Each structure stands twice: as C-alpha cells, then as structure tokens.
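Listing of model-v4.cif, mmCIF, C-alpha atoms and all ligand atoms
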```
data_protein
#
loop_
_atom_site.label_atom_id
_atom_site.label_comp_id
_atom_site.auth_asym_id
_atom_site.auth_seq_id
_atom_site.Cartn_x
_atom_site.Cartn_y
_atom_site.Cartn_z
CA MET A 1 86.37 132.70 88.52
CA ILE A 2 89.97 132.72 87.44
CA GLY A 3 90.14 134.53 84.12
CA ASN A 4 93.72 133.57 83.46
CA LEU A 5 94.57 132.82 79.83
CA PHE A 6 96.63 129.84 80.91
CA TRP A 7 93.64 127.95 82.32
CA ARG A 8 91.46 128.79 79.37
CA GLU A 9 94.01 127.66 76.81
CA LEU A 10 94.60 124.46 78.73
CA ILE A 11 90.95 123.45 78.92
CA LEU A 12 90.12 124.67 75.44
CA SER A 13 92.98 122.68 74.00
CA LEU A 14 91.47 119.55 75.50
CA ILE A 15 87.93 120.35 74.43
CA ILE A 16 88.62 121.49 70.90
CA PHE A 17 91.33 119.10 69.76
CA PRO A 18 90.34 115.50 70.44
CA SER A 19 93.10 113.05 69.73
CA ARG A 20 93.26 111.26 66.42
CA THR A 21 94.24 107.78 67.50
CA CYS A 22 95.60 105.91 70.49
CA GLU A 23 98.20 104.05 68.48
CA ARG A 24 101.73 105.28 68.85
CA GLU A 25 104.47 104.30 66.45
CA GLU A 26 106.80 102.77 69.03
CA ASP A 27 104.21 100.84 71.05
CA VAL A 28 100.56 100.58 71.82
CA ILE A 29 99.35 101.00 75.37
CA THR A 30 96.36 98.73 75.67
CA LYS A 31 95.31 99.16 79.28
CA PRO A 32 93.72 102.53 80.00
CA TYR A 33 94.17 104.65 83.10
CA ILE A 34 91.09 105.84 84.97
CA VAL A 35 91.12 109.56 85.73
CA ALA A 36 88.45 110.90 88.08
CA MET A 37 87.91 114.54 88.93
CA THR A 38 85.95 115.48 92.07
CA GLY A 39 84.71 118.69 93.66
CA ALA A 40 87.86 119.82 95.45
CA SER A 41 89.50 123.02 94.31
CA GLY A 42 92.16 122.47 91.64
CA ALA A 43 90.30 121.35 88.51
CA VAL A 44 93.30 122.57 86.55
CA TYR A 45 95.38 119.64 87.85
CA GLY A 46 92.94 117.13 86.40
CA ILE A 47 92.70 118.93 83.10
CA ARG A 48 96.49 119.16 82.84
CA LEU A 49 96.83 115.42 83.50
CA LEU A 50 94.22 114.64 80.84
CA ARG A 51 96.06 116.92 78.43
CA PHE A 52 99.29 115.02 79.09
CA PHE A 53 97.62 111.67 78.44
CA GLU A 54 95.98 112.99 75.30
CA GLU A 55 99.26 114.45 73.97
CA ASN A 56 101.02 111.17 74.63
CA LYS A 57 98.21 109.06 73.21
CA ILE A 58 97.69 107.16 76.45
CA PRO A 59 94.13 105.81 76.74
CA VAL A 60 92.04 107.16 79.60
CA GLU A 61 88.63 106.44 81.07
CA ILE A 62 87.27 109.65 82.60
CA VAL A 63 84.69 110.22 85.33
CA ILE A 64 83.80 113.71 86.53
CA SER A 65 81.61 114.16 89.61
CA ASP A 66 78.71 116.60 89.67
CA ALA A 67 80.57 118.76 92.19
CA ALA A 68 83.67 118.72 89.99
CA LYS A 69 81.63 120.17 87.11
CA ILE A 70 80.60 123.07 89.35
CA LEU A 71 84.21 123.64 90.38
CA MET A 72 85.35 123.52 86.76
CA LEU A 73 82.81 126.16 85.89
CA GLU A 74 83.95 128.37 88.78
CA GLU A 75 87.67 127.90 88.30
CA LEU A 76 88.08 127.40 84.56
CA GLY A 77 84.93 128.84 83.04
CA SER A 78 83.86 125.54 81.49
CA ALA A 79 81.61 122.84 82.91
CA GLY A 80 83.72 119.98 81.69
CA GLU A 81 82.34 118.88 78.36
CA ILE A 82 85.52 117.08 77.53
CA ALA A 83 85.52 115.75 74.00
CA GLY A 84 86.90 112.28 73.86
CA GLY A 85 88.65 111.22 70.71
CA ASP A 86 89.97 107.68 70.65
CA CYS A 87 92.15 108.07 73.72
CA LEU A 88 89.73 109.74 76.14
CA ARG A 89 86.46 108.03 76.98
CA THR A 90 84.06 109.63 79.43
CA HIS A 91 81.57 107.89 81.71
CA ASP A 92 78.56 109.17 83.59
CA PHE A 93 79.21 109.72 87.29
CA LEU A 94 76.37 107.35 88.27
CA ASP A 95 76.74 104.74 85.53
CA PHE A 96 77.46 101.60 87.48
CA THR A 97 77.28 99.58 84.25
CA ALA A 98 80.44 101.25 82.92
CA PRO A 99 83.32 98.79 82.33
CA ILE A 100 85.50 100.48 84.97
CA ALA A 101 82.94 99.56 87.66
CA SER A 102 84.23 96.00 87.44
CA GLY A 103 87.61 94.72 88.47
CA SER A 104 87.44 92.28 85.54
CA TYR A 105 87.99 95.23 83.19
CA PRO A 106 91.76 95.61 82.96
CA THR A 107 93.19 99.03 83.73
CA ALA A 108 96.70 100.29 84.40
CA GLY A 109 95.56 102.19 87.50
CA MET A 110 93.52 105.15 88.64
CA VAL A 111 94.08 108.77 89.64
CA ILE A 112 91.56 110.93 91.51
CA ILE A 113 92.65 114.50 90.80
CA PRO A 114 91.67 116.66 92.55
CA CYS A 115 90.23 114.46 95.30
CA SER A 116 87.66 115.93 97.68
CA MET A 117 87.58 114.95 101.33
CA GLY A 118 84.14 113.45 100.70
CA THR A 119 85.46 111.11 98.03
CA LEU A 120 88.57 110.39 100.11
CA GLY A 121 86.36 109.32 103.02
CA ALA A 122 84.12 107.21 100.80
CA VAL A 123 87.11 105.41 99.27
CA ALA A 124 88.66 104.85 102.71
CA SER A 125 85.35 103.39 103.92
CA GLY A 126 84.74 101.17 100.92
CA LEU A 127 81.53 102.98 99.98
CA SER A 128 80.48 102.68 96.36
CA GLN A 129 77.87 105.37 96.00
CA ASN A 130 79.01 106.54 92.58
CA LEU A 131 81.23 105.32 89.75
CA ILE A 132 84.31 107.08 91.15
CA HIS A 133 84.00 105.34 94.52
CA ARG A 134 83.29 102.00 92.83
CA ALA A 135 86.19 102.25 90.38
CA ALA A 136 88.54 103.15 93.25
CA ASP A 137 87.22 100.23 95.28
CA SER A 138 87.85 97.89 92.33
CA THR A 139 91.31 99.35 91.80
CA ILE A 140 92.25 98.65 95.42
CA LYS A 141 90.80 95.14 95.47
CA GLU A 142 92.63 94.23 92.27
CA GLY A 143 95.92 95.52 93.69
CA ARG A 144 96.33 98.16 91.00
CA LYS A 145 97.88 101.59 91.38
CA LEU A 146 95.61 104.19 92.94
CA VAL A 147 96.85 107.78 93.26
CA LEU A 148 94.86 110.40 95.16
CA VAL A 149 95.50 114.14 94.96
CA PRO A 150 93.55 115.30 98.04
CA ARG A 151 92.99 119.01 98.45
CA GLU A 152 91.76 120.70 101.62
CA THR A 153 93.22 123.01 104.22
CA PRO A 154 93.47 122.79 107.15
CA LEU A 155 93.24 119.02 107.39
CA SER A 156 91.14 117.56 110.21
CA ALA A 157 91.98 114.38 112.12
CA ILE A 158 89.27 112.65 110.06
CA HIS A 159 90.98 113.63 106.80
CA LEU A 160 94.39 112.57 108.10
CA GLU A 161 93.10 109.25 109.44
CA ASN A 162 91.48 108.48 106.10
CA MET A 163 94.72 109.26 104.28
CA LEU A 164 96.74 107.12 106.70
CA LYS A 165 94.34 104.21 106.27
CA LEU A 166 94.63 104.40 102.48
CA ALA A 167 98.41 104.91 102.53
CA ARG A 168 98.73 101.73 104.58
CA LEU A 169 96.78 99.91 101.86
CA GLY A 170 99.32 101.06 99.28
CA VAL A 171 97.31 103.96 97.91
CA LYS A 172 99.61 106.84 96.92
CA ILE A 173 98.64 110.13 98.53
CA VAL A 174 100.01 113.01 96.43
CA PRO A 175 98.73 116.30 97.85
CA PRO A 176 99.05 119.25 95.49
CA MET A 177 102.05 120.76 97.25
CA PRO A 178 104.25 122.44 94.66
CA ALA A 179 108.00 122.80 95.19
CA PHE A 180 110.11 125.78 94.24
CA TYR A 181 113.62 124.28 94.05
CA GLY A 182 113.29 123.83 90.29
CA GLN A 183 113.11 127.58 89.72
CA GLN A 184 109.36 127.34 89.11
CA LYS A 185 108.12 130.78 88.09
CA THR A 186 104.60 130.54 86.70
CA VAL A 187 101.34 129.01 87.88
CA GLY A 188 101.75 126.60 84.97
CA ASP A 189 105.13 125.50 86.36
CA LEU A 190 103.56 124.80 89.75
CA VAL A 191 100.69 122.84 88.19
CA ASP A 192 103.14 120.85 86.09
CA PHE A 193 105.17 119.98 89.18
CA VAL A 194 102.13 118.45 90.88
CA VAL A 195 101.01 116.59 87.75
CA GLY A 196 104.58 115.41 87.21
CA LYS A 197 104.59 113.96 90.72
CA VAL A 198 101.41 112.04 89.90
CA LEU A 199 103.02 110.67 86.72
CA ASP A 200 106.06 109.64 88.78
CA GLN A 201 103.79 107.44 90.89
CA LEU A 202 102.43 105.82 87.73
CA GLU A 203 106.03 105.40 86.48
CA ILE A 204 105.19 107.29 83.29
CA PRO A 205 108.20 109.20 81.91
CA HIS A 206 107.72 112.94 81.52
CA MET A 207 109.52 116.25 81.55
CA LEU A 208 106.92 118.31 83.40
CA TYR A 209 109.37 119.50 86.02
CA PRO A 210 113.17 119.64 86.23
CA ARG A 211 114.72 116.91 88.42
CA TRP A 212 116.97 117.85 91.29
CA VAL A 213 120.52 117.08 90.20
CA GLY A 214 122.35 118.73 93.08
CA SER A 215 122.94 122.34 93.86
CA LEU A 216 125.22 124.57 91.83
CA GLN A 217 124.92 127.21 94.57
CA ALA A 218 125.72 125.35 97.78
CA PRO A 219 129.39 125.16 98.86
CA LYS A 220 130.89 121.71 98.33
CA PRO A 221 131.83 119.84 101.55
CA GLN A 222 135.63 119.93 102.21
C1 LIG B 1 83.95 126.58 95.64
C2 LIG B 1 84.07 125.24 96.30
C3 LIG B 1 85.31 124.76 96.64
C4 LIG B 1 85.45 123.52 97.28
N1 LIG B 1 86.70 123.09 97.59
C5 LIG B 1 86.83 121.90 98.20
C6 LIG B 1 88.14 121.43 98.50
O1 LIG B 1 89.16 122.03 98.19
N2 LIG B 1 88.24 120.23 99.11
C7 LIG B 1 87.13 119.47 99.44
O2 LIG B 1 87.29 118.39 99.98
N3 LIG B 1 85.88 119.91 99.15
C8 LIG B 1 85.70 121.09 98.55
N4 LIG B 1 84.45 121.55 98.25
C9 LIG B 1 83.28 120.73 98.65
C10 LIG B 1 82.98 119.58 97.71
O3 LIG B 1 82.71 120.07 96.40
C11 LIG B 1 81.79 118.79 98.25
O4 LIG B 1 82.13 118.17 99.48
C12 LIG B 1 81.25 117.76 97.29
O5 LIG B 1 80.17 117.09 97.91
C13 LIG B 1 82.30 116.76 96.90
O6 LIG B 1 81.66 115.77 96.08
P1 LIG B 1 82.50 114.78 95.17
O7 LIG B 1 83.57 114.19 96.02
O8 LIG B 1 81.50 113.76 94.72
O9 LIG B 1 83.01 115.56 94.02
C14 LIG B 1 84.30 122.76 97.59
C15 LIG B 1 83.03 123.23 97.20
C16 LIG B 1 82.92 124.45 96.57
C17 LIG B 1 81.56 124.93 96.14
#
```

Since I need it in another form, could you write the structure as structure tokens?
Ligand SMILES: Cc1cc2nc3c(=O)[nH]c(=O)nc-3n(C[C@H](O)[C@H](O)[C@H](O)COP(=O)(O)O)c2cc1C
Amino acid sequence: MIGNLFWRELILSLIIFPSRTCEREEDVITKPYIVAMTGASGAVYGIRLLRFFEENKIPVEIVISDAAKILMLEELGSAGEIAGGDCLRTHDFLDFTAPIASGSYPTAGMVIIPCSMGTLGAVASGLSQNLIHRAADSTIKEGRKLVLVPRETPLSAIHLENMLKLARLGVKIVPPMPAFYGQQKTVGDLVDFVVGKVLDQLEIPHMLYPRWVGSLQAPKPQ
C-alpha cells in the first residue's frame, strides 16, 4: 500500500468534504459526466478527476467496480466510500436500473479511469455485464464522448486490437503516460498531467499542467 500523504489527502478531501451545490454563479451545467473506475492500477487518477469535478461543481455519475474497490484499498488505503454531495452521485456496479444504463438519459460523456483490460475488452465487444459496460455501450451508441484511460504493461495484441477497434469508433484512448517537458517534479504533477489530458478530450478548461509554449532553451533557427 502506498502510504504517501498526497494520496491520502486527495482521497480524504473527496470523502470528507462533499460539495454544497452544483450551481455555479456563471452557468449551470445540467448534463452530468459519467466517471467509472475499474480494477486497473492507478485509482489515484480516478480520484483526482472526481476531485476536479467536485471542485468545479460539475455534476458526475459515478460507478466503481468491485475490483476497483480492492485496488483503492491497496493503493490509497480506502475502499472507495465516496460521499456524494449534490454534484457526485454514485451507482451500484450491478444496478442496471440506474439512469445511466439508458441512452435516453442525457449525459455529457463518460470516462473510465483507470480502465482495466477486462473492461476494455468488454466495451470493445459490446458486452453489458455490469453498469460500467452498459453505460459505455450507451455512450457509444448515442455518439457521445467516451474516454478510456487503459492501464497495463506490457500490452498484448489482444489489448492493442481492442484499443484500435475502439479508437476507430471515435473512443478516445488516453493511456496514463505522463510527460516531463512541463518540468513536472512530483507524483502529483504527473497525476495532474494525465488527468489534464483527459479533461482536454472532454474540452473542459483546466490548469492541471503547463502547456507547451515553445522552448526557452533550444537555439532559434537562423
Ligand atoms: C493489485 C492488482 C493490480 C491490477 N492491475 C491491473 C492493471 O493495471 N490493469 C488491468 O487490466 N488489470 C489489473 N488487475 C486485474 C483486474 O483487477 C481484474 O482483471 C478485474 O477482473 C478487472 O475487473 P473490472 O474491469 O470489472 O474492474 C489488477 C489486479 C490486482 C489485484
């Protein structure tokens, strides 16, 4: 288990301080995003994304797989009892009666973060064996944004073929591959880079990582 203070503060902040309201002064986002966490390593990415949504009062429908709860316990020391508040609403992993099981329920899109190879394969095959698979299936059929953050290494031909199939359907594959050109120094910086890349795909403005604006170091071409 990672005993790092960073992880603990991140998850505790989400658990202890539920948001007050989803209404922001400048506008009200009515359509929620679906955020699913599965049993791949990297629970911290999902928690960080939820924290961002909560801080920015963006409504979210959350589903956490049974395997993800085990990984959260191992990696973060908490089994994922995420308190909701008005902006975060959780659903049982096997509740097929949840609104997000149906494409008729309007959402702004869905992120599976982290995404296990099992869930990746199920989504690529159109299986709907749990609420995460079903919500992803609905998201694809309705032509909404679906972002996957698949984590495994090395990747087999099966994993790569599943990713290619989904990418060709318009699903955004955002593997948690941090960059270092922004002078990232801490684990938190690296996590924020990955989560920032996910937000980029959803076209949600953020300042989680510094944008590349050209090098101050490299010699200018003559
Ligand atoms: C400690 C641990 C780490 C794991 N890491 C990964 C991983 O990085 N990627 C992955 O695809 N599966 C990983 N698994 C396996 C998944 O948890 C397993 O395939 C599970 O059935 C996925 O179910 P889900 O997709 O419903 O969450 C890990 C399992 C354990 C116990």

Exercise answer, 9 Å around ligand LIG 1 (chain B) with only C-alpha atoms and all ligand atoms, as a PyMOL selection string: chain A and resi 37-42+64-71+74-75+93+114-122+130+132-133+150-153

Please, what distance in Å, to one decimal, runs between CA of Leu127 (chain A) and CA of Val63 (chain A)?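 Computing it gives 16.6 Å between the two atoms.
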
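Distance check against Ser128 (chain A) using only C-alpha atoms: of A:Ser104, A:Met110, A:Leu94, A:Gln217, the minimum falls on A:Leu94.
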
A straight line from CA of Asn56 (chain A) to CA of Leu73 (chain A) spans 26.1 Å

A:Leu131, A:Val147, A:Ile34, A:Ile62 ranked by distance to Glu203 (chain A), top pick (using only C-alpha atoms):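 That would be A:Val147, the residue with the smallest distance to Glu203 (chain A).
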
Measuring atom to atom with all atoms listed in the file, identify which of A:Gln201, A:Ser102, A:Gln129, A:Ser156 is nearest to Ile173 (chain A). A:Gln201

Using CA of Val60 (chain A) and CA of Thr90 (chain A) as the two end points, give the distance in Å to one decimal. 8.4 Å

With only C-alpha atoms as the basis for distance, which of A:Leu166, A:Gln183, A:Pro32, A:Lys141 is at the shortest distance from Ile100 (chain A)?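 Closest residue, counting only C-alpha atoms: A:Pro32.
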
Could you list, as a PyMOL selection string, every residue within 8 Å of Gly109 (chain A), counting all atoms listed in the file and ignoring same-chain residues fewer than 5 positions away? chain A and resi 32-34+139+144-146+202

Just want the 6 Å neighbourhood of region 190-193 of chain A, counted on all atoms listed in the file, with same-chain residues fewer than 3 positions away dropped. Output as a list in words. Pro178, Val187, Gly196, Leu208 and Tyr209 of chain A

Residue neighbourhood Phe52 (chain A), 12 Å, all atoms listed in the file, exclusion window fewer than 2 positions, as an MDAnalysis selection string: chainID A and resid 10:11 13:14 19 35 45:50 54:60 87:88 192 195:196 198:199 204:208

Next, the residues of the selection above should be written as a JSON list (two decimals), in the frame of the given file with C-alpha atoms.
```json
[["chain", "number", "residue", "atom", "x", "y", "z"],
["A", 10, "LEU", "CA", 94.60, 124.46, 78.73],
["A", 11, "ILE", "CA", 90.95, 123.45, 78.92],
["A", 13, "SER", "CA", 92.98, 122.68, 74.00],
["A", 14, "LEU", "CA", 91.47, 119.55, 75.50],
["A", 19, "SER", "CA", 93.10, 113.05, 69.73],
["A", 35, "VAL", "CA", 91.12, 109.56, 85.73],
["A", 45, "TYR", "CA", 95.38, 119.64, 87.85],
["A", 46, "GLY", "CA", 92.94, 117.13, 86.40],
["A", 47, "ILE", "CA", 92.70, 118.93, 83.10],
["A", 48, "ARG", "CA", 96.49, 119.16, 82.84],
["A", 49, "LEU", "CA", 96.83, 115.42, 83.50],
["A", 50, "LEU", "CA", 94.22, 114.64, 80.84],
["A", 54, "GLU", "CA", 95.98, 112.99, 75.30],
["A", 55, "GLU", "CA", 99.26, 114.45, 73.97],
["A", 56, "ASN", "CA", 101.02, 111.17, 74.63],
["A", 57, "LYS", "CA", 98.21, 109.06, 73.21],
["A", 58, "ILE", "CA", 97.69, 107.16, 76.45],
["A", 59, "PRO", "CA", 94.13, 105.81, 76.74],
["A", 60, "VAL", "CA", 92.04, 107.16, 79.60],
["A", 87, "CYS", "CA", 92.15, 108.07, 73.72],
["A", 88, "LEU", "CA", 89.73, 109.74, 76.14],
["A", 192, "ASP", "CA", 103.14, 120.85, 86.09],
["A", 195, "VAL", "CA", 101.01, 116.59, 87.75],
["A", 196, "GLY", "CA", 104.58, 115.41, 87.21],
["A", 198, "VAL", "CA", 101.41, 112.04, 89.90],
["A", 199, "LEU", "CA", 103.02, 110.67, 86.72],
["A", 204, "ILE", "CA", 105.19, 107.29, 83.29],
["A", 205, "PRO", "CA", 108.20, 109.20, 81.91],
["A", 206, "HIS", "CA", 107.72, 112.94, 81.52],
["A", 207, "MET", "CA", 109.52, 116.25, 81.55],
["A", 208, "LEU", "CA", 106.92, 118.31, 83.40]]
```

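Nearest-residue note for Ala98 (chain A): choosing from A:Leu155, A:Ile140, A:Ala135, A:Val174, the minimum distance belongs to A:Ala135, counting only C-alpha atoms.
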
Looking at A:Ala167, A:Val149, A:Leu216, A:Leu160, which one is nearest to Tyr181 (chain A), with distances taken over only C-alpha atoms?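 Once distances to Tyr181 (chain A) are computed over only C-alpha atoms, the minimum belongs to A:Leu216.
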